[in-house]
Amino acid sequence: MPIEENNTLNDAITSFAGQIFLRGEPGYEEARTARIWHANRPDRFPEAILLAKNESDLVNGVRLARQKGWSVAVRSGGHSFPVWSVRDSGLLIDLGGYKEMSYDADSQIVTATSAIKGGDELNPYLKQFGRYFGAGGCPSVGLGGFLLQGGMGWNFRGWGYACEQVVAIDIVTADGELVRAGENQNADLFWAARGIGPGFCGLISRFHLKTRALTDGVAVSMQAYPVERYEQVLKWLWDKHPDISDKVYFNAVSARPPMPIPGHDGGLVFMIWACAFCDSQEEAAEVLAPLKDCPYREDAIMVSDAQPTTLPEQLSLVDQLHPAGLYYKVDSAWVDGPQQDIIKAMRTLVMDRQAEDTGYTFLIFRLPRPDDAPEIAMDLGTDLCVGAYIIHEDESADQKLRDWLRNAMGELEPYTVGQNWGDSDQTFREVKCLTDETWSRYQKIRDERDPEGVFHAHLAGPGGFQNRNGWEKGE
Ligand SMILES: Cc1cc2nc3c(=O)[nH]c(=O)nc-3n(C[C@H](O)[C@H](O)[C@H](O)COP(=O)(O)OP(=O)(O)OC[C@H]3O[C@@H](n4cnc5c(N)ncnc54)[C@H](O)[C@@H]3O)c2cc1C
């Protein structure tokens, strides 16, 4: 039953296939927090929470919010670190109970609802068709949050942001209408939904995504060095990166190794992890071969070259590194400037990670976007992103670790162009995730599409989200 202007709240509530919980009712707290993937629990409380079951619930949810004067927040996979979905006041529409997928063999396009998990659900479904999608490293991340913030998925370095594989999106607009957005229809929403992040002025029901052929040519090379070697190894990798094939995705990471390395005391190591996505194992070995040229290889405490692997195998490693239900703090910086200065500015982040923390510092490289790459909202334009995940079990260590992270990231301030939506926390300090041009273009779209603010704007601390860096250091 469609929601009409004159429905009472009770009429409206009974029209949903899913359940709605008002603040104070039994079940409300469970609905507010149970699907938050980590232990961070915000002190924010919506008026009502709708556990949607189908597309009509999405349309009716937005119409109800309009009628009640509520602002809408959305949850898909529940992974966002600052918990963007839980806002004060308004209606939270939780999409976790609305999951559908279909594949069209002619177009090789898969259609999936927003709460579908890229690694745990979409790719296992696509396997039967011999296809896959370059979803996020963490298999349980929801498509909705991941793609809205650009999406640094498998082979981000060579294939670009995952949102570049989106061909169309079904969106419930602020008017409560379900529309399709693509290159030639509602193109403003289509552009924005590919990178504008968690303040998008619409409710995404479905993504239509290009897929890739599954191949047997996935292989991984790894090198782990004593952390004291990071400056030399990183400089070498950074210089070498433009010459390495776009079929190789690599990260450099400072972490305590998750598994024992013979002869190593378990302390921090600096690791290169490189994964090739090729048509055959022979080709994978060929494109990974340049990594063997590292002049410090003799000092490595562990080396493995071009080992055949599969995406599920790699995903389960990522899962081990990111246990659910723990406390997470994250920060990131797209950097630009003199290489040696940046490498030195990372010293605390790489070499001084705190004992209570089982997280890591990462560097993600990317190649320049090709001239014919689609125009998307997410792109800060530099070729290196530095980030840090703090992962810990002890809530009482939270403040100390936050301060450490803020100070350590602050060292990179002179070289920071901006942050990643997914690896930052706007409630903790001001961040800039978009270019100035993108941000002002989006303001106009938002003003036109959602003049009454039916959808919550980007979450932020006091002063609202301004898309700028704030670098206050801890005490
Ligand atoms: C362990 C871990 C590893 C990660 N690894 C990666 C990675 O490899 N690459 C990467 O790019 N990111 C990564 N991320 C970041 C992740 O992609 C973002 O946090 C993303 O927002 C999570 O999406 P979600 O749907 O699970 O989250 P949610 O918390 O459900 O959603 C986040 C926000 O996105 C918006 N949103 C979601 N769905 C919709 C919708 N249907 N309509 C409108 N707005 C919507 C809402 O504002 C929502 O609050 C990782 C996160 C974690 C926890």
# chains A, B, ... in the order shown; residues from 1 in each chain; ligands from 1
$ residues_near_ligand --ligand "ligand 1" --cutoff "7 Å" --atoms "only C-alpha atoms and all ligand atoms" --output "PyMOL selection string"
chain A and resi 73-81+83-85+114-115+136-138+141-146+148-153+197-200+202-205+322+422-423
$ residues_around --residues "Val172 (chain A)" --least-positions-apart "6" --cutoff "12 Å" --atoms "only C-alpha atoms" --output "list in words"
Glu55, Ser56, Asp57, Leu58, Val59, Asn60, Gly61, Val62, Arg63, Val72, Val74, Leu178, Val179, Arg180, Ala181, Asn186, Leu189, Phe200, Cys201, Gly202, Leu203, Ile204, Ser205, Arg206, Arg449, Asp450, Val454 and Phe455 of chain A
$ write_last_selection --atoms "C-alpha atoms" --output "mmCIF file, in the first residue's frame"
data_model
loop_
_atom_site.group_PDB
_atom_site.id
_atom_site.type_symbol
_atom_site.label_atom_id
_atom_site.label_comp_id
_atom_site.auth_asym_id
_atom_site.auth_seq_id
_atom_site.Cartn_x
_atom_site.Cartn_y
_atom_site.Cartn_z
ATOM 1 C CA GLU A 55 11.902 -1.999 -2.744
ATOM 2 C CA SER A 56 8.414 -0.718 -1.823
ATOM 3 C CA ASP A 57 9.628 -0.344 1.756
ATOM 4 C CA LEU A 58 12.367 1.961 0.499
ATOM 5 C CA VAL A 59 9.911 4.148 -1.404
ATOM 6 C CA ASN A 60 7.422 4.147 1.469
ATOM 7 C CA GLY A 61 10.168 4.794 4.008
ATOM 8 C CA VAL A 62 11.234 7.973 2.225
ATOM 9 C CA ARG A 63 7.583 9.058 1.828
ATOM 10 C CA VAL A 72 16.642 9.795 6.330
ATOM 11 C CA VAL A 74 20.750 4.616 5.429
ATOM 12 C CA LEU A 178 12.063 5.497 -7.776
ATOM 13 C CA VAL A 179 14.244 6.516 -10.746
ATOM 14 C CA ARG A 180 17.080 5.047 -12.751
ATOM 15 C CA ALA A 181 20.315 7.036 -13.007
ATOM 16 C CA ASN A 186 19.525 11.584 -14.051
ATOM 17 C CA LEU A 189 22.759 11.689 -9.451
ATOM 18 C CA PHE A 200 24.323 11.253 -0.858
ATOM 19 C CA CYS A 201 20.925 12.861 -1.486
ATOM 20 C CA GLY A 202 19.063 9.682 -2.429
ATOM 21 C CA LEU A 203 18.407 6.135 -1.283
ATOM 22 C CA ILE A 204 20.060 3.581 -3.543
ATOM 23 C CA SER A 205 18.015 0.466 -4.107
ATOM 24 C CA ARG A 206 20.090 -1.379 -6.733
ATOM 25 C CA ARG A 449 17.458 17.425 -5.667
ATOM 26 C CA ASP A 450 16.827 17.669 -1.950
ATOM 27 C CA VAL A 454 15.022 14.779 3.334
ATOM 28 C CA PHE A 455 18.376 12.967 3.449
#
$ closest_residue --among "A:Arg369, A:Lys344, A:Arg429, A:Arg87" --to "Phe45 (chain A)" --atoms "only C-alpha atoms"
A:Arg87
$ select_by_dssp --residues "region 267-463 of chain A" --states "helix (DSSP H, G or I)" --output "PyMOL selection string"
chain A and resi 281-293+297-299+311-321+339-345+347-351+395-410+413-415+436-449
$ residues_around --residues "region 261-271 of chain A" --least-positions-apart "3" --cutoff "10 Å" --atoms "only C-alpha atoms" --output "mmCIF file with all heavy atoms, in the first residue's frame"
data_model
loop_
_atom_site.group_PDB
_atom_site.id
_atom_site.type_symbol
_atom_site.label_atom_id
_atom_site.label_comp_id
_atom_site.auth_asym_id
_atom_site.auth_seq_id
_atom_site.Cartn_x
_atom_site.Cartn_y
_atom_site.Cartn_z
ATOM 1 N N MET A 222 55.164 -11.875 -1.925
ATOM 2 C CA MET A 222 55.279 -11.135 -0.661
ATOM 3 C C MET A 222 56.745 -11.015 -0.261
ATOM 4 O O MET A 222 57.529 -11.937 -0.483
ATOM 5 C CB MET A 222 54.522 -11.865 0.446
ATOM 6 C CG MET A 222 53.037 -11.631 0.405
ATOM 7 S SD MET A 222 52.266 -12.013 1.969
ATOM 8 C CE MET A 222 52.102 -13.767 1.832
ATOM 9 N N GLN A 223 57.073 -9.874 0.335
ATOM 10 C CA GLN A 223 58.411 -9.693 0.904
ATOM 11 C C GLN A 223 58.228 -8.984 2.233
ATOM 12 O O GLN A 223 57.553 -7.957 2.284
ATOM 13 C CB GLN A 223 59.275 -8.822 -0.011
ATOM 14 C CG GLN A 223 59.480 -9.408 -1.394
ATOM 15 C CD GLN A 223 60.177 -8.455 -2.351
ATOM 16 O OE1 GLN A 223 60.732 -7.430 -1.937
ATOM 17 N NE2 GLN A 223 60.147 -8.782 -3.627
ATOM 18 N N ALA A 224 58.818 -9.545 3.296
ATOM 19 C CA ALA A 224 58.737 -8.882 4.607
ATOM 20 C C ALA A 224 60.144 -8.490 5.041
ATOM 21 O O ALA A 224 61.071 -9.308 4.985
ATOM 22 C CB ALA A 224 58.131 -9.833 5.631
ATOM 23 N N TYR A 225 60.282 -7.220 5.446
ATOM 24 C CA TYR A 225 61.588 -6.682 5.843
ATOM 25 C C TYR A 225 61.553 -6.251 7.309
ATOM 26 O O TYR A 225 60.476 -5.885 7.821
ATOM 27 C CB TYR A 225 61.921 -5.443 5.001
ATOM 28 C CG TYR A 225 62.166 -5.789 3.556
ATOM 29 C CD1 TYR A 225 61.118 -5.821 2.640
ATOM 30 C CD2 TYR A 225 63.439 -6.101 3.112
ATOM 31 C CE1 TYR A 225 61.330 -6.161 1.318
ATOM 32 C CE2 TYR A 225 63.665 -6.446 1.787
ATOM 33 C CZ TYR A 225 62.618 -6.475 0.895
ATOM 34 O OH TYR A 225 62.847 -6.831 -0.408
ATOM 35 N N PRO A 226 62.723 -6.240 7.981
ATOM 36 C CA PRO A 226 62.754 -5.611 9.296
ATOM 37 C C PRO A 226 62.252 -4.176 9.139
ATOM 38 O O PRO A 226 62.607 -3.510 8.153
ATOM 39 C CB PRO A 226 64.241 -5.623 9.683
ATOM 40 C CG PRO A 226 64.881 -6.622 8.773
ATOM 41 C CD PRO A 226 64.047 -6.688 7.525
ATOM 42 N N VAL A 227 61.424 -3.707 10.070
ATOM 43 C CA VAL A 227 60.766 -2.409 9.872
ATOM 44 C C VAL A 227 61.789 -1.272 9.715
ATOM 45 O O VAL A 227 61.517 -0.267 9.042
ATOM 46 C CB VAL A 227 59.752 -2.143 11.013
ATOM 47 C CG1 VAL A 227 60.450 -1.774 12.319
ATOM 48 C CG2 VAL A 227 58.723 -1.115 10.605
ATOM 49 N N GLU A 228 62.979 -1.456 10.274
ATOM 50 C CA GLU A 228 64.013 -0.408 10.169
ATOM 51 C C GLU A 228 64.403 -0.163 8.706
ATOM 52 O O GLU A 228 64.994 0.854 8.373
ATOM 53 C CB GLU A 228 65.283 -0.809 10.939
ATOM 54 C CG GLU A 228 65.104 -0.946 12.448
ATOM 55 C CD GLU A 228 64.355 -2.212 12.845
ATOM 56 O OE1 GLU A 228 64.357 -3.182 12.065
ATOM 57 O OE2 GLU A 228 63.745 -2.213 13.935
ATOM 58 N N ARG A 229 64.098 -1.092 7.834
ATOM 59 C CA ARG A 229 64.455 -0.986 6.426
ATOM 60 C C ARG A 229 63.412 -0.210 5.609
ATOM 61 O O ARG A 229 63.552 -0.071 4.388
ATOM 62 C CB ARG A 229 64.551 -2.399 5.823
ATOM 63 C CG ARG A 229 65.889 -3.037 5.981
ATOM 64 C CD ARG A 229 66.812 -2.384 5.019
ATOM 65 N NE ARG A 229 68.090 -3.039 4.854
ATOM 66 C CZ ARG A 229 69.146 -2.388 4.448
ATOM 67 N NH1 ARG A 229 69.080 -1.104 4.225
ATOM 68 N NH2 ARG A 229 70.275 -3.018 4.269
ATOM 69 N N TYR A 230 62.349 0.260 6.265
ATOM 70 C CA TYR A 230 61.216 0.737 5.466
ATOM 71 C C TYR A 230 61.572 1.902 4.538
ATOM 72 O O TYR A 230 61.057 1.980 3.423
ATOM 73 C CB TYR A 230 60.010 1.063 6.363
ATOM 74 C CG TYR A 230 59.791 2.528 6.659
ATOM 75 C CD1 TYR A 230 59.060 3.323 5.799
ATOM 76 C CD2 TYR A 230 60.329 3.102 7.800
ATOM 77 C CE1 TYR A 230 58.876 4.675 6.057
ATOM 78 C CE2 TYR A 230 60.147 4.439 8.065
ATOM 79 C CZ TYR A 230 59.422 5.230 7.177
ATOM 80 O OH TYR A 230 59.253 6.544 7.437
ATOM 81 N N GLU A 231 62.445 2.798 4.975
ATOM 82 C CA GLU A 231 62.702 3.974 4.137
ATOM 83 C C GLU A 231 63.299 3.573 2.790
ATOM 84 O O GLU A 231 62.855 4.036 1.739
ATOM 85 C CB GLU A 231 63.624 4.963 4.869
ATOM 86 C CG GLU A 231 62.940 5.573 6.076
ATOM 87 C CD GLU A 231 63.596 6.834 6.589
ATOM 88 O OE1 GLU A 231 64.325 7.491 5.829
ATOM 89 O OE2 GLU A 231 63.367 7.183 7.761
ATOM 90 N N VAL A 233 63.276 0.495 1.358
ATOM 91 C CA VAL A 233 62.399 -0.390 0.584
ATOM 92 C C VAL A 233 61.263 0.421 -0.041
ATOM 93 O O VAL A 233 60.919 0.255 -1.217
ATOM 94 C CB VAL A 233 61.841 -1.525 1.477
ATOM 95 C CG1 VAL A 233 60.809 -2.353 0.719
ATOM 96 C CG2 VAL A 233 62.961 -2.406 1.983
ATOM 97 N N LEU A 234 60.700 1.334 0.747
ATOM 98 C CA LEU A 234 59.589 2.122 0.225
ATOM 99 C C LEU A 234 60.050 3.022 -0.932
ATOM 100 O O LEU A 234 59.363 3.133 -1.956
ATOM 101 C CB LEU A 234 58.968 2.957 1.352
ATOM 102 C CG LEU A 234 57.851 3.894 0.937
ATOM 103 C CD1 LEU A 234 56.742 3.149 0.187
ATOM 104 C CD2 LEU A 234 57.260 4.612 2.158
ATOM 105 N N ASN A 251 50.174 -3.315 -2.109
ATOM 106 C CA ASN A 251 50.173 -2.467 -0.921
ATOM 107 C C ASN A 251 51.491 -2.701 -0.206
ATOM 108 O O ASN A 251 52.038 -3.795 -0.258
ATOM 109 C CB ASN A 251 49.094 -2.889 0.086
ATOM 110 C CG ASN A 251 47.708 -2.736 -0.461
ATOM 111 O OD1 ASN A 251 47.477 -1.945 -1.362
ATOM 112 N ND2 ASN A 251 46.775 -3.488 0.074
ATOM 113 N N ALA A 252 51.948 -1.674 0.503
ATOM 114 C CA ALA A 252 53.037 -1.877 1.456
ATOM 115 C C ALA A 252 52.432 -1.645 2.834
ATOM 116 O O ALA A 252 51.590 -0.758 3.010
ATOM 117 C CB ALA A 252 54.162 -0.895 1.187
ATOM 118 N N VAL A 253 52.839 -2.467 3.786
ATOM 119 C CA VAL A 253 52.164 -2.461 5.089
ATOM 120 C C VAL A 253 53.181 -2.566 6.216
ATOM 121 O O VAL A 253 54.121 -3.345 6.123
ATOM 122 C CB VAL A 253 51.211 -3.693 5.166
ATOM 123 C CG1 VAL A 253 50.644 -3.861 6.557
ATOM 124 C CG2 VAL A 253 50.085 -3.559 4.162
ATOM 125 N N SER A 254 52.961 -1.782 7.271
ATOM 126 C CA SER A 254 53.737 -1.988 8.500
ATOM 127 C C SER A 254 52.805 -2.613 9.527
ATOM 128 O O SER A 254 51.755 -2.038 9.840
ATOM 129 C CB SER A 254 54.252 -0.632 8.996
ATOM 130 O OG SER A 254 54.475 -0.686 10.375
ATOM 131 N N ALA A 255 53.187 -3.789 10.031
ATOM 132 C CA ALA A 255 52.303 -4.496 10.973
ATOM 133 C C ALA A 255 53.094 -5.545 11.726
ATOM 134 O O ALA A 255 54.190 -5.925 11.298
ATOM 135 C CB ALA A 255 51.174 -5.185 10.210
ATOM 136 N N ARG A 256 52.504 -6.016 12.807
ATOM 137 C CA ARG A 256 53.059 -7.220 13.429
ATOM 138 C C ARG A 256 52.503 -8.394 12.634
ATOM 139 O O ARG A 256 51.282 -8.450 12.416
ATOM 140 C CB ARG A 256 52.632 -7.315 14.897
ATOM 141 C CG ARG A 256 53.278 -6.214 15.718
ATOM 142 C CD ARG A 256 52.942 -6.226 17.185
ATOM 143 N NE ARG A 256 53.517 -5.027 17.781
ATOM 144 C CZ ARG A 256 52.919 -3.824 17.781
ATOM 145 N NH1 ARG A 256 51.720 -3.668 17.264
ATOM 146 N NH2 ARG A 256 53.527 -2.775 18.292
ATOM 147 N N PRO A 257 53.355 -9.320 12.169
ATOM 148 C CA PRO A 257 52.852 -10.362 11.271
ATOM 149 C C PRO A 257 51.759 -11.200 11.928
ATOM 150 O O PRO A 257 51.907 -11.591 13.082
ATOM 151 C CB PRO A 257 54.086 -11.218 10.976
ATOM 152 C CG PRO A 257 55.211 -10.621 11.729
ATOM 153 C CD PRO A 257 54.771 -9.424 12.469
ATOM 154 N N PRO A 258 50.652 -11.449 11.212
ATOM 155 C CA PRO A 258 49.552 -12.218 11.812
ATOM 156 C C PRO A 258 49.926 -13.686 12.011
ATOM 157 O O PRO A 258 49.296 -14.376 12.797
ATOM 158 C CB PRO A 258 48.424 -12.080 10.776
ATOM 159 C CG PRO A 258 49.064 -11.621 9.510
ATOM 160 C CD PRO A 258 50.370 -10.985 9.862
ATOM 161 N N ALA A 274 51.888 -8.136 -3.186
ATOM 162 C CA ALA A 274 51.536 -7.794 -4.579
ATOM 163 C C ALA A 274 50.728 -8.937 -5.174
ATOM 164 O O ALA A 274 51.132 -10.094 -5.106
ATOM 165 C CB ALA A 274 52.791 -7.560 -5.392
ATOM 166 N N ALA A 300 65.565 -9.428 3.535
ATOM 167 C CA ALA A 300 64.169 -9.778 3.834
ATOM 168 C C ALA A 300 64.126 -10.949 4.815
ATOM 169 O O ALA A 300 64.974 -11.845 4.763
ATOM 170 C CB ALA A 300 63.435 -10.140 2.550
ATOM 171 N N ILE A 301 63.106 -10.916 5.695
ATOM 172 C CA ILE A 301 62.977 -12.043 6.629
ATOM 173 C C ILE A 301 61.999 -13.078 6.083
ATOM 174 O O ILE A 301 61.887 -14.163 6.605
ATOM 175 C CB ILE A 301 62.536 -11.563 8.037
ATOM 176 C CG1 ILE A 301 61.340 -10.625 7.935
ATOM 177 C CG2 ILE A 301 63.678 -10.901 8.756
ATOM 178 C CD1 ILE A 301 60.897 -10.083 9.271
ATOM 179 N N MET A 302 61.306 -12.724 5.021
ATOM 180 C CA MET A 302 60.419 -13.692 4.375
ATOM 181 C C MET A 302 60.181 -13.231 2.938
ATOM 182 O O MET A 302 59.924 -12.054 2.695
ATOM 183 C CB MET A 302 59.083 -13.725 5.132
ATOM 184 C CG MET A 302 58.173 -14.865 4.792
ATOM 185 S SD MET A 302 57.075 -14.446 3.448
ATOM 186 C CE MET A 302 55.926 -13.366 4.205
ATOM 187 N N VAL A 303 60.284 -14.162 2.005
ATOM 188 C CA VAL A 303 60.041 -13.836 0.598
ATOM 189 C C VAL A 303 59.252 -14.972 -0.022
ATOM 190 O O VAL A 303 59.536 -16.137 0.227
ATOM 191 C CB VAL A 303 61.386 -13.706 -0.172
ATOM 192 C CG1 VAL A 303 61.135 -13.656 -1.665
ATOM 193 C CG2 VAL A 303 62.145 -12.470 0.256
ATOM 194 N N VAL A 350 54.770 4.237 10.756
ATOM 195 C CA VAL A 350 55.304 2.940 10.341
ATOM 196 C C VAL A 350 56.059 2.249 11.475
ATOM 197 O O VAL A 350 55.908 1.046 11.689
ATOM 198 C CB VAL A 350 56.241 3.115 9.120
ATOM 199 C CG1 VAL A 350 56.955 1.819 8.776
ATOM 200 C CG2 VAL A 350 55.447 3.607 7.915
ATOM 201 N N MET A 351 56.863 3.016 12.236
ATOM 202 C CA MET A 351 57.817 2.371 13.146
ATOM 203 C C MET A 351 57.403 2.381 14.600
ATOM 204 O O MET A 351 58.039 1.733 15.423
ATOM 205 C CB MET A 351 59.171 3.052 13.006
ATOM 206 C CG MET A 351 59.708 2.877 11.609
ATOM 207 S SD MET A 351 61.423 3.288 11.446
ATOM 208 C CE MET A 351 62.212 2.254 12.636
ATOM 209 N N ASP A 352 56.377 3.148 14.917
ATOM 210 C CA ASP A 352 56.088 3.351 16.336
ATOM 211 C C ASP A 352 54.669 2.923 16.686
ATOM 212 O O ASP A 352 54.015 3.538 17.520
ATOM 213 C CB ASP A 352 56.317 4.846 16.658
ATOM 214 C CG ASP A 352 56.187 5.125 18.133
ATOM 215 O OD1 ASP A 352 56.468 4.205 18.913
ATOM 216 O OD2 ASP A 352 55.769 6.241 18.500
ATOM 217 N N ARG A 353 54.169 1.878 16.032
ATOM 218 C CA ARG A 353 52.785 1.458 16.303
ATOM 219 C C ARG A 353 52.675 0.938 17.733
ATOM 220 O O ARG A 353 53.567 0.292 18.243
ATOM 221 C CB ARG A 353 52.341 0.438 15.276
ATOM 222 C CG ARG A 353 52.290 1.046 13.856
ATOM 223 C CD ARG A 353 51.504 0.181 12.930
ATOM 224 N NE ARG A 353 50.162 -0.020 13.442
ATOM 225 C CZ ARG A 353 49.091 0.672 13.074
ATOM 226 N NH1 ARG A 353 49.194 1.614 12.175
ATOM 227 N NH2 ARG A 353 47.912 0.418 13.604
ATOM 228 N N ALA A 355 51.565 -0.863 21.316
ATOM 229 C CA ALA A 355 51.501 -2.284 21.691
ATOM 230 C C ALA A 355 50.068 -2.820 21.777
ATOM 231 O O ALA A 355 49.811 -3.985 21.465
ATOM 232 C CB ALA A 355 52.205 -2.482 23.024
ATOM 233 N N TYR A 360 47.418 -1.824 11.466
ATOM 234 C CA TYR A 360 48.552 -1.677 10.543
ATOM 235 C C TYR A 360 48.513 -0.315 9.868
ATOM 236 O O TYR A 360 47.476 0.362 9.848
ATOM 237 C CB TYR A 360 48.514 -2.792 9.489
ATOM 238 C CG TYR A 360 47.208 -2.845 8.722
ATOM 239 C CD1 TYR A 360 47.058 -2.143 7.543
ATOM 240 C CD2 TYR A 360 46.126 -3.578 9.201
ATOM 241 C CE1 TYR A 360 45.864 -2.166 6.840
ATOM 242 C CE2 TYR A 360 44.926 -3.611 8.514
ATOM 243 C CZ TYR A 360 44.792 -2.904 7.338
ATOM 244 O OH TYR A 360 43.609 -2.904 6.654
ATOM 245 N N THR A 361 49.671 0.044 9.312
ATOM 246 C CA THR A 361 49.765 1.237 8.462
ATOM 247 C C THR A 361 49.912 0.748 7.031
ATOM 248 O O THR A 361 50.673 -0.188 6.783
ATOM 249 C CB THR A 361 50.994 2.066 8.870
ATOM 250 O OG1 THR A 361 50.778 2.526 10.211
ATOM 251 C CG2 THR A 361 51.189 3.271 7.953
ATOM 252 N N PHE A 362 49.165 1.344 6.108
ATOM 253 C CA PHE A 362 49.241 0.855 4.724
ATOM 254 C C PHE A 362 49.559 1.975 3.744
ATOM 255 O O PHE A 362 49.258 3.145 3.990
ATOM 256 C CB PHE A 362 47.927 0.158 4.310
ATOM 257 C CG PHE A 362 46.719 1.064 4.304
ATOM 258 C CD1 PHE A 362 46.399 1.833 3.182
ATOM 259 C CD2 PHE A 362 45.892 1.148 5.401
ATOM 260 C CE1 PHE A 362 45.277 2.664 3.160
ATOM 261 C CE2 PHE A 362 44.771 1.977 5.403
ATOM 262 C CZ PHE A 362 44.458 2.734 4.282
#
$ closest_atom_pairs --of "region 376-430 of chain A" --to "region 27-41 of chain A" --cutoff "10 Å" --atoms "only C-alpha atoms" --output "tab-separated table"
residue	atom	partner	partner_atom	distance
A:Ile391	CA	A:His38	CA	9.8
A:His392	CA	A:Ala39	CA	9.7
A:Glu393	CA	A:Ala39	CA	8.7
A:Glu395	CA	A:Ala39	CA	9.1
$ residues_around --residues "Cys433 (chain A)" --least-positions-apart "3" --cutoff "6 Å" --atoms "only C-alpha atoms" --output "PyMOL selection string"
chain A and resi 418-421
$ residues_around --residues "Asp398 (chain A)" --least-positions-apart "6" --cutoff "12 Å" --atoms "only C-alpha atoms" --output "list in words"
Ala39, Asn40, Leu326, Tyr327, Tyr328, Lys329, Val330, Gln354, Glu356, Asp357, Ile390, Ile391, His392, Trp404 and Leu405 of chain A
$ write_last_selection --atoms "C-alpha atoms" --output "PDB file, in the first residue's frame"
ATOM      1  CA  ALA A  39      32.474  -2.284  18.492  1.00  0.00           C
ATOM      2  CA  ASN A  40      32.206   1.517  17.962  1.00  0.00           C
ATOM      3  CA  LEU A 326      36.594  -4.908  17.969  1.00  0.00           C
ATOM      4  CA  TYR A 327      37.284  -1.174  18.289  1.00  0.00           C
ATOM      5  CA  TYR A 328      38.581   0.512  15.151  1.00  0.00           C
ATOM      6  CA  LYS A 329      40.117   3.938  14.589  1.00  0.00           C
ATOM      7  CA  VAL A 330      41.137   4.929  11.075  1.00  0.00           C
ATOM      8  CA  GLN A 354      51.394   1.018  19.787  1.00  0.00           C
ATOM      9  CA  GLU A 356      47.726  -2.470  22.392  1.00  0.00           C
ATOM     10  CA  ASP A 357      46.962  -2.202  18.703  1.00  0.00           C
ATOM     11  CA  ILE A 390      44.033   0.991  14.834  1.00  0.00           C
ATOM     12  CA  ILE A 391      42.374  -2.240  15.991  1.00  0.00           C
ATOM     13  CA  HIS A 392      42.038  -3.051  19.686  1.00  0.00           C
ATOM     14  CA  TRP A 404      48.592   8.637  18.831  1.00  0.00           C
ATOM     15  CA  LEU A 405      46.851   8.307  15.478  1.00  0.00           C
TER      16      LEU A 405
END
